[in-house]
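Trainee: This is the content of start-v4.pdb (PDB, C-alpha atoms and all ligand atoms):
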```
ATOM      1  CA  MET K  31     -12.549  -5.967  16.415
ATOM      2  CA  VAL K  32      -9.929  -7.695  14.292
ATOM      3  CA  ALA K  33     -11.433  -9.203  11.145
ATOM      4  CA  PRO K  34     -11.193 -13.014  11.076
ATOM      5  CA  ARG K  35      -8.340 -14.243   8.913
ATOM      6  CA  THR K  36      -9.358 -17.290   6.962
ATOM      7  CA  ASP K  37      -6.488 -17.633   4.484
ATOM      8  CA  ALA K  38      -3.520 -16.943   6.740
ATOM      9  CA  ASP K  39      -1.306 -19.900   5.906
ATOM     10  CA  MET K  40       1.456 -17.293   6.315
ATOM     11  CA  THR K  41       1.080 -13.853   7.855
ATOM     12  CA  LEU K  42       2.389 -10.657   6.294
ATOM     13  CA  ASP K  43       4.521 -10.198   9.379
ATOM     14  CA  GLN K  44       6.272 -13.495   8.796
ATOM     15  CA  ILE K  45       6.803 -12.539   5.195
ATOM     16  CA  ALA K  46       8.285  -9.086   5.763
ATOM     17  CA  PRO K  47       8.839  -8.040   9.370
ATOM     18  CA  ASP K  48       9.971  -4.427   9.431
ATOM     19  CA  VAL K  49       9.355  -1.646  11.905
ATOM     20  CA  THR K  50      10.649   1.882  11.521
ATOM     21  CA  GLU K  51       9.749   5.135  13.258
ATOM     22  CA  ARG K  52       9.642   8.558  11.682
ATOM     23  CA  PRO K  53       9.337  11.747  13.753
ATOM     24  CA  PRO K  54       6.002  13.581  13.852
ATOM     25  CA  VAL K  55       5.391  15.486  10.632
ATOM     26  CA  GLY K  56       4.150  19.014  11.225
ATOM     27  CA  ALA K  57       5.225  19.058  14.884
ATOM     28  CA  GLU K  58       8.823  19.781  13.947
ATOM     29  CA  CYS K  59       8.304  22.155  11.046
ATOM     30  CA  GLY K  60       6.857  25.198  12.693
ATOM     31  CA  SER K  61       3.116  24.632  12.253
ATOM     32  CA  ALA K  62       0.649  25.720  14.945
ATOM     33  CA  PRO K  63       0.796  23.730  18.200
ATOM     34  CA  ALA K  64      -1.379  20.635  18.069
ATOM     35  CA  PRO K  65      -4.452  20.692  20.315
ATOM     36  CA  VAL K  66      -3.799  17.047  21.184
ATOM     37  CA  ALA K  67      -0.891  14.600  20.899
ATOM     38  CA  PRO K  68       0.144  13.603  17.356
ATOM     39  CA  VAL K  69      -1.636  10.574  15.983
ATOM     40  CA  THR K  70       0.386   7.515  15.050
ATOM     41  CA  LEU K  71      -0.168   6.370  11.491
ATOM     42  CA  VAL K  72       0.453   2.643  11.208
ATOM     43  CA  GLN K  73       1.310   1.643   7.672
ATOM     44  CA  PHE K  74       3.374  -0.724   5.537
ATOM     45  CA  PRO K  75       7.114  -0.002   5.190
ATOM     46  CA  LEU K  76       8.072   2.188   2.231
ATOM     47  CA  ILE K  77       9.152   0.396  -0.930
ATOM     48  CA  TRP K  78      11.282   2.150  -3.527
ATOM     49  CA  GLY K  79      11.139   5.095  -1.064
ATOM     50  CA  ARG K  80       7.383   5.311  -1.699
ATOM     51  CA  ASN K  81       4.201   4.637   0.213
ATOM     52  CA  VAL K  82       2.892   1.882  -2.064
ATOM     53  CA  SER K  83      -0.473   1.373  -0.374
ATOM     54  CA  PRO K  84      -3.034   3.665  -2.059
ATOM     55  CA  PHE K  85      -5.207   3.840   1.048
ATOM     56  CA  THR K  86      -2.295   4.711   3.290
ATOM     57  CA  LEU K  87      -0.940   7.294   0.875
ATOM     58  CA  LYS K  88      -4.451   8.775   0.753
ATOM     59  CA  LEU K  89      -4.504   9.071   4.536
ATOM     60  CA  GLU K  90      -0.977  10.447   4.821
ATOM     61  CA  THR K  91      -1.810  13.023   2.115
ATOM     62  CA  TRP K  92      -4.955  13.988   4.013
ATOM     63  CA  LEU K  93      -3.029  14.409   7.279
ATOM     64  CA  LYS K  94      -0.663  16.754   5.472
ATOM     65  CA  LEU K  95      -3.407  18.796   3.827
ATOM     66  CA  ALA K  96      -5.285  19.049   7.134
ATOM     67  CA  GLU K  97      -1.987  19.924   8.881
ATOM     68  CA  ILE K  98      -2.538  17.342  11.597
ATOM     69  CA  PRO K  99       0.760  16.290  13.215
ATOM     70  CA  TYR K 100       1.477  12.581  13.022
ATOM     71  CA  SER K 101       4.230  10.060  13.415
ATOM     72  CA  ILE K 102       4.580   6.881  11.397
ATOM     73  CA  ARG K 103       5.033   3.342  12.614
ATOM     74  CA  ALA K 104       5.770   0.894   9.823
ATOM     75  CA  THR K 105       4.645  -2.693  10.156
ATOM     76  CA  THR K 106       3.485  -5.665   8.138
ATOM     77  CA  ASN K 107       1.678  -7.156  11.124
ATOM     78  CA  LEU K 108      -2.079  -6.844  10.683
ATOM     79  CA  ALA K 109      -2.954  -8.590  13.952
ATOM     80  CA  LYS K 110      -3.554  -5.321  15.813
ATOM     81  CA  ALA K 111      -5.268  -3.558  12.920
ATOM     82  CA  PRO K 112      -8.878  -2.924  13.984
ATOM     83  CA  LYS K 113     -10.203  -3.858  10.516
ATOM     84  CA  GLY K 114      -7.493  -6.400   9.702
ATOM     85  CA  LYS K 115      -6.023  -3.995   7.131
ATOM     86  CA  LEU K 116      -3.663  -1.042   6.969
ATOM     87  CA  PRO K 117      -3.697   1.861   7.491
ATOM     88  CA  TYR K 118      -4.927   2.377  10.994
ATOM     89  CA  ILE K 119      -4.164   5.103  13.508
ATOM     90  CA  GLU K 120      -3.568   5.211  17.204
ATOM     91  CA  ASP K 121      -5.099   8.306  18.735
ATOM     92  CA  GLY K 122      -4.390   8.266  22.440
ATOM     93  CA  LEU K 123      -5.642   4.902  23.654
ATOM     94  CA  ARG K 124      -7.865   4.312  20.618
ATOM     95  CA  ALA K 125      -6.936   2.343  17.513
ATOM     96  CA  ILE K 126      -9.092   3.239  14.500
ATOM     97  CA  GLY K 127      -9.091   1.428  11.164
ATOM     98  CA  ASP K 128     -10.165   2.363   7.617
ATOM     99  CA  SER K 129      -8.851   5.504   5.944
ATOM    100  CA  THR K 130     -12.305   7.040   5.469
ATOM    101  CA  LEU K 131     -13.458   6.349   9.041
ATOM    102  CA  ILE K 132     -10.147   7.713  10.318
ATOM    103  CA  ILE K 133     -10.661  10.935   8.349
ATOM    104  CA  GLU K 134     -14.198  11.242   9.753
ATOM    105  CA  HIS K 135     -12.827  10.707  13.270
ATOM    106  CA  LEU K 136     -10.125  13.351  12.814
ATOM    107  CA  LYS K 137     -12.566  15.850  11.320
ATOM    108  CA  ALA K 138     -14.817  15.388  14.351
ATOM    109  CA  THR K 139     -12.118  15.430  17.039
ATOM    110  CA  ARG K 140      -9.792  18.099  15.596
ATOM    111  CA  GLY K 141     -12.465  20.435  14.251
ATOM    112  CA  ILE K 142     -10.655  20.493  10.892
ATOM    113  CA  ASP K 143     -12.668  19.858   7.729
ATOM    114  CA  PRO K 144     -11.180  20.627   4.300
ATOM    115  CA  ASP K 145     -14.591  19.710   2.831
ATOM    116  CA  ALA K 146     -16.651  22.101   4.941
ATOM    117  CA  GLY K 147     -17.376  24.543   2.123
ATOM    118  CA  LEU K 148     -18.479  21.985  -0.471
ATOM    119  CA  THR K 149     -21.914  22.125  -2.042
ATOM    120  CA  PRO K 150     -24.158  19.018  -2.077
ATOM    121  CA  ARG K 151     -23.300  18.542  -5.771
ATOM    122  CA  GLN K 152     -19.553  18.697  -5.058
ATOM    123  CA  ARG K 153     -19.975  16.190  -2.237
ATOM    124  CA  ALA K 154     -21.828  13.868  -4.609
ATOM    125  CA  GLU K 155     -19.067  14.186  -7.233
ATOM    126  CA  ALA K 156     -16.423  13.516  -4.603
ATOM    127  CA  LEU K 157     -18.206  10.431  -3.306
ATOM    128  CA  ALA K 158     -18.716   9.048  -6.818
ATOM    129  CA  LEU K 159     -15.031   9.555  -7.636
ATOM    130  CA  GLN K 160     -13.934   8.065  -4.320
ATOM    131  CA  ARG K 161     -16.009   4.942  -5.006
ATOM    132  CA  LEU K 162     -14.514   4.763  -8.508
ATOM    133  CA  PHE K 163     -10.972   4.801  -7.143
ATOM    134  CA  GLU K 164     -11.457   2.671  -4.042
ATOM    135  CA  ASP K 165     -13.984   0.092  -5.197
ATOM    136  CA  HIS K 166     -13.032  -0.345  -8.844
ATOM    137  CA  PHE K 167      -9.748   1.231  -9.871
ATOM    138  CA  TYR K 168      -8.066  -0.377  -6.850
ATOM    139  CA  LEU K 169      -8.932  -3.827  -8.244
ATOM    140  CA  VAL K 170      -7.410  -2.969 -11.634
ATOM    141  CA  LEU K 171      -4.309  -1.556  -9.933
ATOM    142  CA  THR K 172      -4.023  -4.719  -7.831
ATOM    143  CA  TYR K 173      -4.357  -6.856 -10.972
ATOM    144  CA  SER K 174      -1.648  -4.812 -12.721
ATOM    145  CA  ARG K 175       0.749  -5.358  -9.811
ATOM    146  CA  TRP K 176       0.096  -8.890  -8.679
ATOM    147  CA  ILE K 177      -1.376 -10.849 -11.593
ATOM    148  CA  ASP K 178      -0.248  -9.341 -14.899
ATOM    149  CA  PRO K 179       3.243 -10.840 -15.452
ATOM    150  CA  GLU K 180       4.599  -7.461 -16.588
ATOM    151  CA  GLY K 181       3.826  -5.694 -13.285
ATOM    152  CA  TRP K 182       4.447  -8.775 -11.158
ATOM    153  CA  GLU K 183       8.095  -8.915 -12.228
ATOM    154  CA  ALA K 184       8.800  -5.555 -10.509
ATOM    155  CA  VAL K 185       6.487  -6.155  -7.550
ATOM    156  CA  ALA K 186       7.913  -9.625  -6.846
ATOM    157  CA  ASP K 187      11.383  -8.096  -6.582
ATOM    158  CA  GLY K 188      10.496  -4.820  -4.843
ATOM    159  CA  PHE K 189       7.884  -5.890  -2.276
ATOM    160  CA  PHE K 190       9.839  -8.896  -1.018
ATOM    161  CA  ALA K 191      13.404  -7.652  -1.418
ATOM    162  CA  ALA K 192      14.039  -7.387   2.337
ATOM    163  CA  LEU K 193      13.498 -11.107   2.905
ATOM    164  CA  PRO K 194      16.085 -13.864   2.889
ATOM    165  CA  LEU K 195      15.790 -16.051  -0.195
ATOM    166  CA  PRO K 196      13.639 -19.014   0.960
ATOM    167  CA  MET K 197      11.138 -16.683   2.685
ATOM    168  CA  ARG K 198      11.176 -14.379  -0.309
ATOM    169  CA  LEU K 199      10.078 -17.145  -2.677
ATOM    170  CA  ALA K 200       7.447 -18.483  -0.267
ATOM    171  CA  GLY K 201       6.162 -14.977   0.449
ATOM    172  CA  ARG K 202       5.747 -14.194  -3.214
ATOM    173  CA  ARG K 203       3.867 -17.420  -3.880
ATOM    174  CA  VAL K 204       1.557 -17.154  -0.865
ATOM    175  CA  MET K 205       0.671 -13.495  -1.332
ATOM    176  CA  ARG K 206       0.143 -13.780  -5.069
ATOM    177  CA  ARG K 207      -2.154 -16.777  -4.637
ATOM    178  CA  ARG K 208      -4.115 -14.977  -1.908
ATOM    179  CA  ILE K 209      -4.605 -11.885  -4.048
ATOM    180  CA  ALA K 210      -5.559 -13.956  -7.100
ATOM    181  CA  ARG K 211      -8.332 -15.548  -5.008
ATOM    182  CA  ARG K 212      -9.613 -12.146  -3.912
ATOM    183  CA  LEU K 213      -9.645 -10.749  -7.445
ATOM    184  CA  ALA K 214     -11.472 -13.831  -8.728
ATOM    185  CA  ALA K 215     -14.059 -13.431  -5.953
ATOM    186  CA  SER K 216     -14.524  -9.768  -6.900
ATOM    187  CA  GLY K 217     -15.301 -10.846 -10.467
ATOM    188  CA  LEU K 218     -12.532  -8.771 -12.041
ATOM    189  CA  THR K 219     -10.423 -11.619 -13.317
ATOM    190  CA  ARG K 220     -13.382 -13.217 -15.086
ATOM    191  CA  HIS K 221     -12.506 -10.569 -17.711
ATOM    192  CA  SER K 222      -9.600 -10.734 -20.166
ATOM    193  CA  ARG K 223      -6.449  -8.668 -19.642
ATOM    194  CA  ASP K 224      -7.518  -6.274 -22.423
ATOM    195  CA  GLU K 225     -10.983  -5.864 -20.922
ATOM    196  CA  ILE K 226      -9.544  -5.186 -17.454
ATOM    197  CA  TYR K 227      -7.177  -2.513 -18.726
ATOM    198  CA  ALA K 228      -9.947  -0.953 -20.848
ATOM    199  CA  MET K 229     -11.991  -0.619 -17.646
ATOM    200  CA  GLY K 230      -9.033   0.949 -15.850
ATOM    201  CA  ARG K 231      -8.554   3.355 -18.726
ATOM    202  CA  ALA K 232     -12.241   4.336 -18.530
ATOM    203  CA  ASP K 233     -11.759   5.147 -14.829
ATOM    204  CA  LEU K 234      -8.775   7.336 -15.708
ATOM    205  CA  ALA K 235     -10.693   9.074 -18.497
ATOM    206  CA  ALA K 236     -13.494   9.915 -16.057
ATOM    207  CA  ALA K 237     -10.996  11.281 -13.518
ATOM    208  CA  SER K 238      -9.259  13.296 -16.236
ATOM    209  CA  ASP K 239     -12.565  14.815 -17.417
ATOM    210  CA  LEU K 240     -13.535  15.711 -13.858
ATOM    211  CA  LEU K 241     -10.200  17.386 -13.173
ATOM    212  CA  GLY K 242     -10.155  19.260 -16.490
ATOM    213  CA  GLU K 243      -7.898  22.308 -16.279
ATOM    214  CA  ARG K 244      -8.580  22.926 -12.586
ATOM    215  CA  SER K 245      -5.901  22.959  -9.894
ATOM    216  CA  PHE K 246      -7.741  20.409  -7.777
ATOM    217  CA  PHE K 247     -10.583  17.985  -8.328
ATOM    218  CA  LEU K 248     -13.256  20.298  -6.928
ATOM    219  CA  GLY K 249     -11.792  23.654  -7.892
ATOM    220  CA  ASP K 250      -9.133  25.904  -6.406
ATOM    221  CA  ALA K 251      -8.806  24.344  -2.945
ATOM    222  CA  LEU K 252      -7.470  20.984  -1.777
ATOM    223  CA  THR K 253     -10.182  18.736  -0.397
ATOM    224  CA  THR K 254     -10.364  15.128   0.699
ATOM    225  CA  ILE K 255     -10.988  13.821  -2.817
ATOM    226  CA  ASP K 256      -7.564  15.137  -3.875
ATOM    227  CA  ALA K 257      -5.977  12.970  -1.184
ATOM    228  CA  VAL K 258      -7.955   9.981  -2.447
ATOM    229  CA  ALA K 259      -7.013  10.587  -6.082
ATOM    230  CA  PHE K 260      -3.354  11.153  -5.225
ATOM    231  CA  GLY K 261      -3.186   7.908  -3.220
ATOM    232  CA  PHE K 262      -4.207   5.938  -6.285
ATOM    233  CA  LEU K 263      -2.754   7.896  -9.206
ATOM    234  CA  ALA K 264       0.669   8.359  -7.589
ATOM    235  CA  ASN K 265       0.745   4.632  -6.998
ATOM    236  CA  VAL K 266       0.474   4.110 -10.749
ATOM    237  CA  LEU K 267       2.662   6.951 -11.999
ATOM    238  CA  LEU K 268       5.411   7.341  -9.413
ATOM    239  CA  VAL K 269       6.427   3.759  -8.660
ATOM    240  CA  PRO K 270       8.795   1.768 -10.880
ATOM    241  CA  VAL K 271       6.150  -0.730 -12.011
ATOM    242  CA  GLU K 272       5.690  -0.458 -15.764
ATOM    243  CA  THR K 273       2.213  -1.601 -16.730
ATOM    244  CA  GLU K 274      -0.507  -1.011 -19.279
ATOM    245  CA  LEU K 275      -2.248   1.019 -16.560
ATOM    246  CA  LYS K 276       0.718   3.371 -16.295
ATOM    247  CA  ARG K 277       0.874   3.730 -20.089
ATOM    248  CA  SER K 278      -2.842   4.602 -20.068
ATOM    249  CA  LEU K 279      -2.346   7.184 -17.333
ATOM    250  CA  MET K 280       0.418   8.806 -19.370
ATOM    251  CA  ASP K 281      -2.136   9.428 -22.118
ATOM    252  CA  PHE K 282      -3.904  11.910 -19.792
ATOM    253  CA  PRO K 283      -1.524  14.881 -19.528
ATOM    254  CA  ASN K 284      -3.669  16.764 -17.017
ATOM    255  CA  LEU K 285      -3.587  13.821 -14.587
ATOM    256  CA  VAL K 286       0.172  13.374 -15.036
ATOM    257  CA  ALA K 287       0.874  17.084 -14.438
ATOM    258  CA  TRP K 288      -1.440  17.079 -11.422
ATOM    259  CA  VAL K 289       0.183  14.029  -9.794
ATOM    260  CA  GLU K 290       3.666  15.467 -10.334
ATOM    261  CA  ALA K 291       2.670  18.865  -8.918
ATOM    262  CA  MET K 292       1.000  17.248  -5.890
ATOM    263  CA  ASP K 293       4.065  15.115  -5.282
ATOM    264  CA  VAL K 294       6.341  18.153  -5.262
ATOM    265  CA  GLY K 295       3.942  20.161  -3.069
ATOM    266  CA  LEU K 296       3.558  17.373  -0.529
ATOM    267  CA  SER K 297       7.320  16.771  -0.262
ATOM    268  CA  VAL K 298       7.964  20.470   0.293
ATOM    269  CA  GLU K 299       5.387  20.660   3.074
ATOM    270  CA  SER K 300       6.599  17.683   5.094
TER     271      SER K 300
HETATM  272  N1  LIG N   1     -11.153   0.387   3.195
HETATM  273  C1  LIG N   1      -9.806   0.297   3.719
HETATM  274  C2  LIG N   1      -8.937  -0.494   2.722
HETATM  275  C3  LIG N   1      -7.526  -0.733   3.239
HETATM  276  C4  LIG N   1      -6.795  -1.794   2.442
HETATM  277  O1  LIG N   1      -7.355  -2.448   1.550
HETATM  278  N2  LIG N   1      -5.515  -1.984   2.787
HETATM  279  C5  LIG N   1      -4.714  -2.977   2.136
HETATM  280  C6  LIG N   1      -3.399  -2.368   1.648
HETATM  281  S1  LIG N   1      -3.661  -1.205   0.339
HETATM  282  C7  LIG N   1      -4.356  -4.069   3.123
HETATM  283  O2  LIG N   1      -4.184  -3.822   4.298
HETATM  284  N3  LIG N   1      -4.203  -5.293   2.631
HETATM  285  C8  LIG N   1      -3.760  -6.403   3.414
HETATM  286  C9  LIG N   1      -4.804  -7.466   3.505
HETATM  287  O3  LIG N   1      -5.948  -7.237   3.054
HETATM  288  O4  LIG N   1      -4.479  -8.560   3.993
HETATM  289  C10 LIG N   1      -9.263   1.702   3.956
HETATM  290  O5  LIG N   1      -9.784   2.671   3.378
HETATM  291  O6  LIG N   1      -8.350   1.866   4.780
END
```
What would you get if you wrote out this structure as structure tokens?
Ligand SMILES: N[C@@H](CCC(=O)N[C@@H](CS)C(=O)NCC(=O)O)C(=O)O
Mentor:
Amino acid sequence: MVAPRTDADMTLDQIAPDVTERPPVGAECGSAPAPVAPVTLVQFPLIWGRNVSPFTLKLETWLKLAEIPYSIRATTNLAKAPKGKLPYIEDGLRAIGDSTLIIEHLKATRGIDPDAGLTPRQRAEALALQRLFEDHFYLVLTYSRWIDPEGWEAVADGFFAALPLPMRLAGRRVMRRRIARRLAASGLTRHSRDEIYAMGRADLAAASDLLGERSFFLGDALTTIDAVAFGFLANVLLVPVETELKRSLMDFPNLVAWVEAMDVGLSVES
């Protein structure tokens, strides 16, 4: 069911209509035949050539690591999104929302589970880190992009560049106000800028300590938590939005090296 939209004085689709198709990834590059038709990943259009939604980049990374063929449909229209947010997938006649629920669905229907060999302790670590990224770090990242004037300067230009001028200005104002309301409701912006970035830095320090010198977050093999971490960390490091959060991330050389290596590996595979 589509979530009720209470603050839609302007829809995302009105602000930035854009639909592009990319061919199925995996289907055309010699991987094993898919047991079922490729899923369609519905996500926001790329900006700066990058997938700037952490949750969508997480899901796309997971599809690549699980070697599940998919095609992409880009949209800014959330009306058909089952949870009122992106990403969602279309799998046959079903539309499924929420990156984590989608991954659970694909594990169950494709019989592919990169996490199958994890111990209970590793699963607990992965869940704790996922919650850190998705339920806390995401708020700090959102603040750094939409509220902090330093990040907003780049986001205001990049995210709305495709729009004609009057819509561009209205879109910026409406979206920024909407996100400011959400961050205030979450409690994050009751803190000062310095406090918010100190909390973001603490998240990064925890991620850095967990990764240590390992190749991946849980050892030598890629698992779902690597897709989660990449979705968020790449969205700080690899997009042209200079913020205190990016400067903090650059103080953790193991995270920087890991994000860069993942980025190269994922581009080679697709
Ligand atoms: N729990 C969801 C979160 C998805 C999410 O927050 N998506 C954001 C983009 S990063 C979105 O669609 N925002 C538009 C809106 O909330 O209106 C998931 O894992 O997929």
Trainee: The residues within 6 Å of (-12.1, 4.2, -13.2), using all atoms listed in the file and the coordinates of the file, should be reported as a PyMOL selection string; which are they?
Mentor: chain K and resi 162+167+230+232-234
Trainee: Once the PyMOL selection byres (((not hetatm)) within 7 of (chain N and resi 1)) has been evaluated on this model, what residues remain selected, and can you format them as a list in words?
Mentor: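 Going through the file, the PyMOL selection byres (((not hetatm)) within 7 of (chain N and resi 1)) ends up selecting Ser83, Pro84, Phe85, Thr86, Gly114, Lys115, Leu116, Pro117, Gly127, Asp128, Ser129 and Thr130 of chain K.
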Trainee: Name all residues at most 9 Å from Asp178 of chain K (count all atoms listed in the file; drop same-chain ones fewer than 5 positions away) and give them as a list in words.
Mentor: Tyr173, Glu183, Arg223 and Thr273 of chain K
Trainee: Record the distance separating atom CA of Ile77 of chain K and atom CA of Glu164 of chain K, expressed in Å with one decimal.
Mentor: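 Distance between the two atoms: 21.0 Å.
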Trainee: Can you pull out the residues contacting segment 274-281 of chain K? Cut-off 9 Å, using only C-alpha atoms, and skip same-chain residues under 5 positions away; I want them as a PyMOL selection string.
Mentor: chain K and resi 170-171+174+180-181+227+230-231+234-235+263+266-267+286
Trainee: Kindly resolve the PyMOL selection byres (((chain K and resi 132-134) around 12) and not hetatm) on the present coordinates and return the residues as a ChimeraX atom specification.
Mentor: /K:69-72,85-86,88-96,98,112-113,116-121,124-131,135-145,253-255,257-258
Trainee: Using all atoms listed in the file, pick whichever of K:Pro179, K:Gly295, K:Gly249, K:Gly122 has the shortest atom-to-atom distance to Gln152 of chain K.
Mentor: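 Going through K:Pro179, K:Gly295, K:Gly249, K:Gly122 one by one, the smallest distance to Gln152 of chain K is for K:Gly249.
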Trainee: With all atoms listed in the file as the basis for distance, which of K:Arg206, K:Pro196, K:Phe189, K:Leu213 is at the shortest distance from Asn81 of chain K?
Mentor: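 So, comparing all the options, the nearest one is K:Phe189.
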Trainee: May I ask which of the residues K:Ala191, K:Phe246, K:Thr172, K:Ile209 is the closest one to Pro75 of chain K, counting all atoms listed in the file?
Mentor: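 Using all atoms listed in the file, the shortest distance to Pro75 of chain K belongs to K:Ala191.
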Trainee: Please write segment 225-260 of chain K of the preceding block to a file containing C-alpha atoms, as a compact mmCIF listing (two decimals), in the first residue's frame?
Mentor:
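Final file, result-v2.txt:
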```txt
# COMPACT_ATOMS: atom_id res chain seq x y z
CA GLU K 225 27.49 18.00 17.80
CA ILE K 226 25.86 16.49 14.70
CA TYR K 227 29.17 16.07 12.91
CA ALA K 228 30.79 14.64 16.07
CA MET K 229 28.04 12.00 16.09
CA GLY K 230 28.64 11.25 12.41
CA ARG K 231 32.35 10.95 13.08
CA ALA K 232 31.65 8.49 15.92
CA ASP K 233 29.64 6.36 13.48
CA LEU K 234 32.56 6.39 11.05
CA ALA K 235 35.04 5.51 13.80
CA ALA K 236 32.91 2.50 14.76
CA ALA K 237 32.71 1.36 11.13
CA SER K 238 36.46 1.84 10.72
CA ASP K 239 37.21 -0.23 13.86
CA LEU K 240 34.89 -3.00 12.70
CA LEU K 241 36.48 -3.15 9.26
CA GLY K 242 40.04 -3.02 10.60
CA GLU K 243 42.48 -4.48 8.08
CA ARG K 244 39.98 -6.97 6.66
CA SER K 245 38.91 -7.08 3.02
CA PHE K 246 35.23 -6.91 3.91
CA PHE K 247 33.23 -6.03 6.99
CA LEU K 248 32.81 -9.63 8.14
CA GLY K 249 36.03 -11.12 6.83
CA ASP K 250 37.19 -12.38 3.45
CA ALA K 251 33.83 -12.65 1.67
CA LEU K 252 31.34 -10.03 0.51
CA THR K 253 28.10 -10.13 2.46
CA THR K 254 25.03 -7.95 2.66
CA ILE K 255 26.56 -5.58 5.21
CA ASP K 256 29.22 -4.60 2.65
CA ALA K 257 26.44 -3.49 0.30
CA VAL K 258 24.89 -1.47 3.11
CA ALA K 259 28.18 0.17 4.08
CA PHE K 260 29.07 0.94 0.47
```
